[in-house]
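Engineer: Here you go, my_file-v4.txt (compact mmCIF, C-alpha atoms):
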```txt
# COMPACT_ATOMS: atom_id res chain seq x y z
CA MET Y 641 117.36 60.26 -31.44
CA ARG Y 642 119.83 57.44 -30.95
CA VAL Y 643 117.79 54.25 -30.46
CA GLY Y 644 114.86 52.91 -32.41
CA ASN Y 645 114.74 55.66 -35.02
CA GLN Y 646 116.41 55.97 -38.42
CA ALA Y 647 116.94 59.71 -37.90
CA VAL Y 648 120.36 59.12 -36.35
CA HIS Y 649 121.62 58.12 -39.80
CA GLN Y 650 119.92 60.92 -41.70
CA THR Y 651 120.95 64.39 -42.76
CA GLN Y 652 118.30 67.09 -42.44
CA ASN Y 653 119.64 70.47 -43.53
CA ASP Y 654 116.55 72.36 -42.44
CA VAL Y 655 117.53 72.09 -38.77
CA TYR Y 656 119.96 75.02 -38.94
CA GLY Y 657 117.23 77.39 -40.04
CA SER Y 658 114.79 75.96 -37.50
CA VAL Y 659 117.15 76.74 -34.62
CA ILE Y 660 117.84 80.29 -35.82
CA LEU Y 661 114.15 80.97 -36.43
CA ALA Y 662 113.35 79.81 -32.92
CA ALA Y 663 116.06 82.00 -31.39
CA ALA Y 664 115.32 85.10 -33.50
CA GLN Y 665 112.34 85.99 -31.32
CA MET Y 666 114.71 86.58 -28.40
CA PHE Y 667 116.13 89.66 -30.08
CA VAL Y 668 112.83 91.52 -30.52
CA ASP Y 669 110.39 90.30 -27.85
CA GLU Y 670 110.83 92.67 -24.92
CA ARG Y 671 108.50 90.58 -22.74
CA LEU Y 672 111.24 87.99 -22.32
CA PRO Y 673 113.24 88.03 -19.08
CA LEU Y 674 116.47 87.54 -21.04
CA MET Y 675 116.84 89.16 -24.45
CA GLY Y 676 119.19 88.01 -27.18
CA ASP Y 677 122.54 89.78 -27.30
CA GLU Y 678 125.71 89.86 -29.39
CA ALA Y 679 127.07 86.75 -27.69
CA LEU Y 680 124.02 84.77 -28.81
CA PHE Y 681 124.27 86.28 -32.27
CA ARG Y 682 127.86 85.08 -32.58
CA MET Y 683 126.76 81.55 -31.71
CA LEU Y 684 123.99 81.68 -34.29
CA ASP Y 685 126.39 83.21 -36.79
CA THR Y 686 128.44 80.00 -36.67
CA LEU Y 687 125.31 77.94 -37.20
CA GLY Y 688 124.40 80.16 -40.14
CA GLU Y 689 127.64 79.21 -41.86
CA LYS Y 690 126.55 75.58 -41.68
CA ALA Y 691 123.20 76.52 -43.23
CA LEU Y 692 124.96 78.43 -45.98
CA ALA Y 693 127.22 75.49 -46.79
CA SER Y 694 124.36 72.97 -46.70
CA ALA Y 695 121.58 74.85 -48.49
CA PHE Y 696 121.78 72.94 -51.76
CA GLU Y 697 123.22 69.68 -50.51
CA PRO Y 698 121.04 66.54 -50.85
CA ASP Y 699 119.39 65.46 -47.60
CA ALA Y 700 116.62 63.23 -46.25
CA GLY Y 701 114.34 66.21 -46.09
CA LEU Y 702 111.55 67.12 -43.73
CA TRP Y 703 109.89 63.73 -44.24
CA GLU Y 704 113.02 61.76 -43.41
CA TYR Y 705 113.33 59.62 -46.51
CA ARG Y 706 115.39 56.58 -45.60
CA THR Y 707 116.88 55.41 -48.88
CA ARG Y 708 117.30 58.55 -50.97
CA GLU Y 709 118.63 62.06 -50.68
CA ARG Y 710 117.82 65.10 -52.77
CA PRO Y 711 118.24 68.89 -52.59
CA HIS Y 712 114.83 69.60 -51.04
CA THR Y 713 113.07 72.92 -51.51
CA TYR Y 714 111.95 73.06 -47.88
CA SER Y 715 115.47 72.40 -46.56
CA ALA Y 716 116.98 75.03 -48.84
CA THR Y 717 114.29 77.53 -47.79
CA LEU Y 718 115.08 76.96 -44.12
CA CYS Y 719 118.76 77.56 -44.86
CA TRP Y 720 117.77 80.78 -46.61
CA SER Y 721 115.68 81.69 -43.55
CA ALA Y 722 118.79 81.27 -41.39
CA CYS Y 723 120.68 83.80 -43.52
CA ASP Y 724 117.75 86.19 -43.76
CA ARG Y 725 117.12 86.26 -39.99
CA LEU Y 726 120.80 86.64 -39.20
CA ALA Y 727 120.89 89.67 -41.50
CA ARG Y 728 117.95 91.18 -39.62
CA ILE Y 729 119.39 90.37 -36.21
CA GLY Y 730 122.77 91.81 -37.19
CA ARG Y 731 121.09 95.01 -38.36
CA TRP Y 732 119.04 95.16 -35.15
CA LEU Y 733 122.22 94.85 -33.04
CA GLY Y 734 124.15 97.30 -35.20
CA ILE Y 735 126.69 94.71 -36.40
CA SER Y 736 126.70 96.13 -39.90
CA ASP Y 737 129.41 94.00 -41.49
CA ARG Y 738 127.76 90.70 -40.58
CA ALA Y 739 124.33 92.07 -41.39
CA GLN Y 740 125.49 92.90 -44.91
CA TYR Y 741 127.25 89.55 -45.24
CA TRP Y 742 124.08 87.65 -44.41
CA LYS Y 743 121.88 89.90 -46.52
CA THR Y 744 124.08 89.25 -49.55
CA ASN Y 745 124.06 85.50 -49.03
CA ALA Y 746 120.32 85.41 -48.35
CA PHE Y 747 119.73 87.17 -51.67
CA ARG Y 748 121.95 84.68 -53.50
CA LEU Y 749 120.25 81.67 -51.93
CA ARG Y 750 116.79 83.04 -52.62
CA GLU Y 751 117.52 83.58 -56.30
CA GLN Y 752 118.84 80.04 -56.70
CA ILE Y 753 115.93 78.46 -54.83
CA LEU Y 754 113.35 80.31 -56.90
CA SER Y 755 115.15 79.26 -60.05
CA GLU Y 756 115.70 75.59 -59.24
CA ALA Y 757 112.50 74.81 -57.33
CA TRP Y 758 110.12 76.25 -59.92
CA ASP Y 759 108.64 73.84 -62.44
CA GLU Y 760 107.30 75.83 -65.36
CA THR Y 761 105.46 72.85 -66.82
CA GLN Y 762 103.35 72.32 -63.71
CA GLY Y 763 103.33 75.95 -62.70
CA ALA Y 764 104.44 75.14 -59.15
CA PHE Y 765 107.31 74.90 -56.74
CA THR Y 766 108.23 71.23 -56.38
CA GLY Y 767 109.47 69.28 -53.39
CA ALA Y 768 113.04 68.86 -54.65
CA PHE Y 769 115.18 70.57 -57.26
CA GLY Y 770 114.82 69.04 -60.70
CA GLU Y 771 112.06 66.66 -59.54
CA PRO Y 772 108.44 66.90 -60.75
CA ALA Y 773 106.80 65.57 -57.57
CA LEU Y 774 104.73 68.05 -55.60
CA ASP Y 775 105.16 68.24 -51.83
CA ALA Y 776 102.95 69.98 -49.26
CA SER Y 777 105.99 71.40 -47.46
CA VAL Y 778 106.36 74.09 -50.14
CA LEU Y 779 103.12 75.59 -48.80
CA LEU Y 780 105.36 77.11 -46.11
CA VAL Y 781 107.60 79.16 -48.41
CA ALA Y 782 105.37 82.23 -48.11
CA LYS Y 783 104.98 81.92 -44.34
CA LEU Y 784 108.76 81.70 -44.05
CA GLY Y 785 109.10 84.83 -46.17
CA LEU Y 786 110.82 83.46 -49.27
CA VAL Y 787 108.04 84.96 -51.40
CA PRO Y 788 104.96 86.99 -50.47
CA ALA Y 789 101.65 85.13 -50.52
CA SER Y 790 100.58 87.40 -53.37
CA ASP Y 791 103.40 86.13 -55.60
CA PRO Y 792 101.75 84.48 -58.63
CA ARG Y 793 104.12 81.54 -58.30
CA PHE Y 794 102.91 80.84 -54.78
CA VAL Y 795 99.27 81.21 -55.79
CA LYS Y 796 99.80 78.77 -58.66
CA THR Y 797 101.59 76.37 -56.33
CA CYS Y 798 98.61 76.37 -53.95
CA GLU Y 799 96.31 75.66 -56.88
CA ALA Y 800 98.51 72.83 -58.15
CA ILE Y 801 98.71 71.23 -54.71
CA GLY Y 802 94.94 71.51 -54.37
CA ARG Y 803 94.51 69.70 -57.68
CA THR Y 804 97.14 67.04 -57.07
CA LEU Y 805 97.51 66.25 -53.38
CA ILE Y 806 93.93 66.44 -52.08
CA ARG Y 807 92.30 63.14 -51.24
CA ASN Y 808 88.71 63.45 -50.05
CA GLY Y 809 89.39 66.91 -48.70
CA ARG Y 810 92.67 66.00 -46.98
CA ILE Y 811 96.13 67.03 -48.12
CA MET Y 812 98.73 64.32 -48.61
CA ARG Y 813 102.37 65.13 -47.86
CA TYR Y 814 103.13 63.85 -51.35
CA THR Y 815 101.74 61.11 -53.57
CA ALA Y 816 104.90 59.79 -55.24
CA PRO Y 817 105.99 56.37 -53.90
CA ASP Y 818 108.47 56.55 -51.04
CA ASP Y 819 110.52 53.98 -49.14
CA PHE Y 820 107.34 52.13 -48.14
CA GLY Y 821 105.39 52.40 -51.40
CA SER Y 822 102.56 54.74 -52.33
CA PRO Y 823 101.39 56.86 -49.36
CA GLU Y 824 98.00 55.87 -47.97
CA THR Y 825 97.32 58.42 -45.26
CA ALA Y 826 97.19 62.21 -45.09
CA PHE Y 827 99.55 63.97 -42.68
CA LEU Y 828 97.16 66.27 -40.79
CA ALA Y 829 99.62 69.14 -40.39
CA CYS Y 830 99.62 69.49 -44.19
CA SER Y 831 95.89 70.19 -44.19
CA PHE Y 832 96.47 73.07 -41.79
CA TRP Y 833 99.31 74.38 -43.95
CA TYR Y 834 97.03 74.28 -46.97
CA ILE Y 835 94.21 76.05 -45.14
CA ASP Y 836 96.61 78.75 -43.94
CA ALA Y 837 97.87 79.16 -47.49
CA LEU Y 838 94.32 79.50 -48.81
CA ALA Y 839 93.62 82.22 -46.27
CA SER Y 840 96.79 84.06 -47.27
CA ILE Y 841 95.81 84.15 -50.95
CA GLY Y 842 92.28 85.38 -50.30
CA ARG Y 843 90.36 82.10 -50.11
CA ALA Y 844 89.66 82.10 -46.38
CA GLU Y 845 86.06 80.90 -46.70
CA GLU Y 846 87.18 77.83 -48.61
CA GLY Y 847 89.83 77.28 -45.98
CA ARG Y 848 87.29 77.59 -43.18
CA GLU Y 849 85.16 74.82 -44.69
CA LEU Y 850 88.17 72.51 -44.87
CA PHE Y 851 89.15 73.44 -41.31
CA GLU Y 852 85.73 72.50 -39.95
CA ALA Y 853 85.91 69.20 -41.82
CA VAL Y 854 89.31 68.39 -40.30
CA LEU Y 855 87.97 69.11 -36.81
CA LEU Y 856 85.42 66.34 -37.27
CA HIS Y 857 88.27 63.83 -37.05
CA ARG Y 858 89.03 64.68 -33.41
CA ASN Y 859 88.46 61.83 -30.99
CA ALA Y 860 86.27 61.89 -27.88
CA PHE Y 861 88.95 63.87 -26.04
CA GLY Y 862 89.29 66.47 -28.79
CA LEU Y 863 92.66 65.11 -29.91
CA LEU Y 864 94.11 64.51 -33.34
CA SER Y 865 96.72 61.97 -34.39
CA GLU Y 866 99.56 62.35 -36.84
CA ASP Y 867 97.67 61.08 -39.90
CA VAL Y 868 94.17 60.33 -41.07
CA HIS Y 869 93.06 57.87 -43.71
CA PRO Y 870 91.35 60.09 -46.29
CA GLU Y 871 88.78 57.46 -47.23
CA THR Y 872 87.86 55.86 -43.91
CA GLY Y 873 88.55 58.85 -41.66
CA GLN Y 874 90.45 56.57 -39.26
CA LEU Y 875 93.20 58.23 -37.24
CA TRP Y 876 96.68 56.82 -37.88
CA GLY Y 877 100.13 57.34 -36.39
CA ASN Y 878 101.16 58.98 -33.14
CA LEU Y 879 98.28 60.07 -30.90
CA PRO Y 880 98.21 62.80 -29.81
CA GLN Y 881 100.47 64.59 -32.28
CA THR Y 882 101.80 68.04 -31.43
CA TYR Y 883 101.97 69.11 -35.08
CA SER Y 884 98.28 68.42 -35.48
CA MET Y 885 97.20 70.03 -32.20
CA ALA Y 886 99.34 73.11 -32.81
CA GLY Y 887 97.85 73.22 -36.30
CA ILE Y 888 94.37 73.58 -34.81
CA ILE Y 889 95.47 76.56 -32.72
CA ASN Y 890 97.49 78.29 -35.43
CA THR Y 891 94.89 77.85 -38.14
CA ALA Y 892 91.99 78.83 -35.89
CA THR Y 893 93.89 82.03 -35.12
CA ARG Y 894 94.59 82.57 -38.80
CA LEU Y 895 90.93 82.17 -39.74
CA SER Y 896 89.51 84.17 -36.84
CA SER Y 897 88.03 87.60 -37.42
CA SER Y 898 90.00 90.57 -36.20
CA TRP Y 899 88.58 92.79 -33.45
CA GLU Y 900 87.85 95.41 -36.09
CA GLU Y 901 85.89 92.94 -38.19
CA ALA Y 902 83.95 91.70 -35.17
CA TRP Y 903 82.97 95.20 -34.10
CA ALA Y 904 81.98 96.10 -37.66
CA ARG Y 905 79.41 93.27 -37.60
CA ALA Y 906 78.14 94.08 -34.09
```
If you convert what's in this file into structure tokens, what do you get?
Structural biologist:
Amino acid sequence: MRVGNQAVHQTQNDVYGSVILAAAQMFVDERLPLMGDEALFRMLDTLGEKALASAFEPDAGLWEYRTRERPHTYSATLCWSACDRLARIGRWLGISDRAQYWKTNAFRLREQILSEAWDETQGAFTGAFGEPALDASVLLVAKLGLVPASDPRFVKTCEAIGRTLIRNGRIMRYTAPDDFGSPETAFLACSFWYIDALASIGRAEEGRELFEAVLLHRNAFGLLSEDVHPETGQLWGNLPQTYSMAGIINTATRLSSSWEEAWARA
């Protein structure tokens, strides 16, 4: 973005991991007409070095803060994901030296993230290292593989976010004042992240109730916007919003019964 958006002036360290995560599928999905190869791995390997160097550097974060930078948990986790996936790809391709290199660095990053992002007082992973504010983006750390969903720290984080960030059944991105003051609207993608997290820790029925409530906000065309006002139910922000629409699909899939479960009830 070069015109009309502040992003051109911002640093977002999560992008390196996002690119590598997107490309990783090319190495294992045999349905693709062109599979990933060593040449692609070497390109991603260079990008991984940028992730490694940036993992704990302050940035604008996922939410693109305009006037402050911090070492964000989500950004660091995406940088870890870059290292972790490169280790797996290297092993898959038989490039053992690079696979070991990335495995070692992924382990080091993971240990530091788990140490610095955890707030013992609140019993939760926080949005930025050394900061007490909770942030819905940490709901993704289990999906990304940093910890298993069964990890007590992740379970406690889900519980803390449910206590702190829910407003009338909708999950706020965060509640601490930002560049524009105290947040007023709930970012709809966060509700889907929370529902997915609930399902992953064994609270799928609770998640299903929240999912059905979110669906009630769709407009006459079945579309969702970027945000919703938790009190009035009014849709705010970009309409339609891909994050929100993809959230419907992903979460519906997550909550759906398996074929085995369906047949067992037949």
Engineer: Closest to Y:Ile735 among Y:Trp876, Y:Tyr714, Y:Phe681, Y:Tyr834, using only C-alpha atoms?
Structural biologist: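 Ranked by minimum distance to Y:Ile735, first place goes to Y:Phe681.
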Engineer: Would you pick out the contacts of Y:Gln646 at 12 Å or less, using all atoms listed in the file, so that residues sharing its chain but fewer than 6 positions from it are not included, and give the list as a PyMOL selection string?
Structural biologist: chain Y and resi 652+700+703-707
Engineer: When you draw a straight line from atom CA of Y:Glu678 to atom CA of Y:Ile729, how long is it in Å?
Structural biologist: 9.3 Å
Engineer: Go through Y:Asn745, Y:Thr804, Y:Gln874, Y:Ser831 one by one, measure the shortest atom-to-atom distance of each to Y:Ala764 using only C-alpha atoms, and give the residue with the smallest value.
Structural biologist: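 Using only C-alpha atoms, Y:Ala764 sits closest to Y:Thr804.
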Engineer: Quick one, how far is atom CA of Y:Ser658 from atom CA of Y:Gly887?
Structural biologist: 17.2 Å
Engineer: Using 8 Å of padding on each side, determine the axis-aligned box around all atoms of stretch 700-718 of chain Y present in the file and give its centre and edge lengths in Å to one decimal, as AutoDock Vina command-line options.
Structural biologist:
```
--center_x 114.3 --center_y 66.5 --center_z -48.1 --size_x 24.7 --size_y 38.1 --size_z 25.4
```
Engineer: Measure the distance from atom CA of Y:Arg793 to atom CA of Y:Gly763 in Å and round it to one decimal.
Structural biologist: 7.2 Å
Engineer: Near Y:Asp737, within 12 Å and counting all atoms listed in the file, which residues show up once chain neighbours fewer than 5 positions away are dropped, as number ranges by chain?
Structural biologist: Y: 726-731, 742-744
Engineer: Residues proximal to (105.1, 67.9, -32.6) were defined as those with any atom within 12 Å of that point in the file's coordinates, counting only C-alpha atoms. Which are they, as a list in words?
Structural biologist: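 The residues that fall inside the cut-off are Leu828, Ala829, Leu864, Ser865, Glu866, Asn878, Leu879, Pro880, Gln881, Thr882, Tyr883, Ser884, Met885, Ala886 and Gly887 of chain Y.
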Engineer: Pick the closest to Y:Asp699 from Y:Trp732, Y:Leu661, Y:Arg843, Y:Ala768: which is it, counting all atoms listed in the file?
Structural biologist: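 When distances to Y:Asp699 are compared using all atoms listed in the file, the smallest one comes from Y:Ala768.
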Engineer: For Y:Glu799, work out the shell of residues within 12 Å, counting only C-alpha atoms and skipping chain neighbours fewer than 2 positions away, then give it as a ChimeraX atom specification.
Structural biologist: /Y:762-765,774,776,779,792-797,801-806,834-835,837-838,841,843
Engineer: Write out as a PDB file with C-alpha atoms, keeping the file's coordinate frame which residues come within 9 Å of Y:Val781 when counting all atoms listed in the file, dropping same-chain ones fewer than 3 positions away.
Structural biologist:
```
ATOM      1  CA  THR Y 713     113.070  72.920 -51.510  1.00  0.00           C
ATOM      2  CA  TYR Y 714     111.950  73.060 -47.880  1.00  0.00           C
ATOM      3  CA  THR Y 717     114.290  77.530 -47.790  1.00  0.00           C
ATOM      4  CA  LEU Y 718     115.080  76.960 -44.120  1.00  0.00           C
ATOM      5  CA  SER Y 777     105.990  71.400 -47.460  1.00  0.00           C
ATOM      6  CA  VAL Y 778     106.360  74.090 -50.140  1.00  0.00           C
ATOM      7  CA  LEU Y 784     108.760  81.700 -44.050  1.00  0.00           C
ATOM      8  CA  GLY Y 785     109.100  84.830 -46.170  1.00  0.00           C
ATOM      9  CA  LEU Y 786     110.820  83.460 -49.270  1.00  0.00           C
ATOM     10  CA  VAL Y 787     108.040  84.960 -51.400  1.00  0.00           C
ATOM     11  CA  PRO Y 788     104.960  86.990 -50.470  1.00  0.00           C
ATOM     12  CA  ALA Y 789     101.650  85.130 -50.520  1.00  0.00           C
ATOM     13  CA  PHE Y 794     102.910  80.840 -54.780  1.00  0.00           C
TER      14      PHE Y 794
END
```
Engineer: Using only C-alpha atoms, which of the listed residues (Y:Asp654, Y:Glu709, Y:Met675, Y:Ala844) sits closest to Y:Ala693?
Structural biologist: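 Among the listed residues, Y:Asp654 lies closest to Y:Ala693.
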